[in-house]
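Student: Quick one: structure below, then a few questions.
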Amino acid sequence: MTASSIATLVHPTLRMRAPGLLLATGIGLLALLLGRWAPLIGGPVIGIVLGILVRNLLSPGERWNPGIAFAGKKVLQWSIIALGFGLSLSQVAKTGLESLSVTLVTMSVAFLAAWLLGRWLGVHDKLMVLIGVGTAICGGSAIAAVTPIIRPDDHDTAFAISTIFLFNLVAVLVFPPLGHLMNLSDLGFGLWAGTAINDTSSVVAAGYSYSHAAGDYATIVKLTRATLIIPVCLALALVVAAREKRRHAAAGSTSKFSLARIFPWFILWFLVASAVRTAGLIPVAIQPAIHLLAEFLIIVALTAIGLSANLRKMAASGARPILLGLGVWIAVAVSSLVVQLVVGRL
């Protein structure tokens, strides 16, 4: 193939992606700035809301779709890898071991509650997984991490993130007064907030509004909890791979099934990035810039998901996903307190 024919293949693709990428990037930049002004909401949620509004009020045409799809998938994976550079595994080891029992119980309760309530409410499997993972681990970041693996519809992803955000906001408002009412210690409240509130910004907001010590402890617990997205993603990838293999066999397909095709390679690169940070190879001076880049990439990706979301389809889902999110969130919050009471941490 000649150089000119290669250029003919590549450049039209770049030109096709440019409008949608520029739209998602522009809205993402606005969301980043607004997130600084409203930190309790945060840039990712603002980005996805702005994306939904633009999609459903202005209805961008077909020419925008290639770039929007690229941002919602590839940029999403890049953002997860970039997050790895900000997570030092050694930093959270001590607190992680201390909080591991509570974290594992609340995570198990979240998945079990999501499955039982989801079946009872008639919520379909992919939305059930998104809400369960988002509540169990780390909100929008966890949803973003599993999205490339289970490949849900964009409106399901938008719905799950919006549902998680709703209960994050409620938690920031109600957890501190409830903690004082129950006379929780600083470490007890920090462990409760770190294991029962989903998004990192909401954990930080609730923790530091209780006390500085509670905020420090809650943040480290939350970082430890976030690392569990790695085994969860790998487990989901194996489940999806097994289903794909069975589907090929049932259809009598002669094409060879490949685990490498479905394996979430971005999670492997996330581990590499985290190992680089843990080894101290990231200069302290550039760490804030890497954190900002990771935040911006995930905002652009979630904005693109919002730009792909169809409100009519979301409305057709009704109140059941909201009820599912509420039930799972309450189950996690209660189980965290119960485990602390049993092990004598309160």
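A note on labels: chains of the structure tokens are A, B, ... as shown, every chain counts residues from 1, and ligands are counted from 1 in their shown order.
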Leaving out segment 187-201 of chain A and any residue of its chain fewer than 6 positions from it, which residues lie within 7 Å of it when counting only C-alpha atoms, given as an NGL selection string?
Tutor: :A and (40 or 103 or 106 or 134-135 or 137-140 or 168 or 171 or 179 or 207 or 214-215 or 217-219 or 221-222 or 332-333 or 336-337 or 345-346)
Student: Closest to Arg36 of chain A among A:Leu234, A:Leu292, A:Leu76, A:Leu121, using only C-alpha atoms?
Tutor: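 Nearest to Arg36 of chain A: A:Leu292.
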Student: Could you find all residues in segment 57-286 of chain A that DSSP calls alpha helix (DSSP H) from the backbone, and write them as number ranges by chain?
Tutor: A: 57, 65-70, 76-84, 93-121, 125-133, 139-150, 154-181, 186-196, 200-210, 212-227, 229-250, 259-262, 265-278
Student: My list of candidates is A:Ser108, A:Ser162, A:Gln340, A:Ser209. Which is closest to Gly306 of chain A when distances are computed with only C-alpha atoms?
Tutor: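 Among the listed residues, the smallest separation from Gly306 of chain A belongs to A:Ser162.
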Student: Quick one: everything within 9 Å of Ala331 of chain A, counting only C-alpha atoms, minus sequence neighbours fewer than 4 positions away in the same chain. Send it as a list in words.
Tutor: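 Counting only C-alpha atoms, the residues come to Thr106, Val109, Ala110, Ala113, Leu326, Gly327, Ser335 and Ser336 of chain A.
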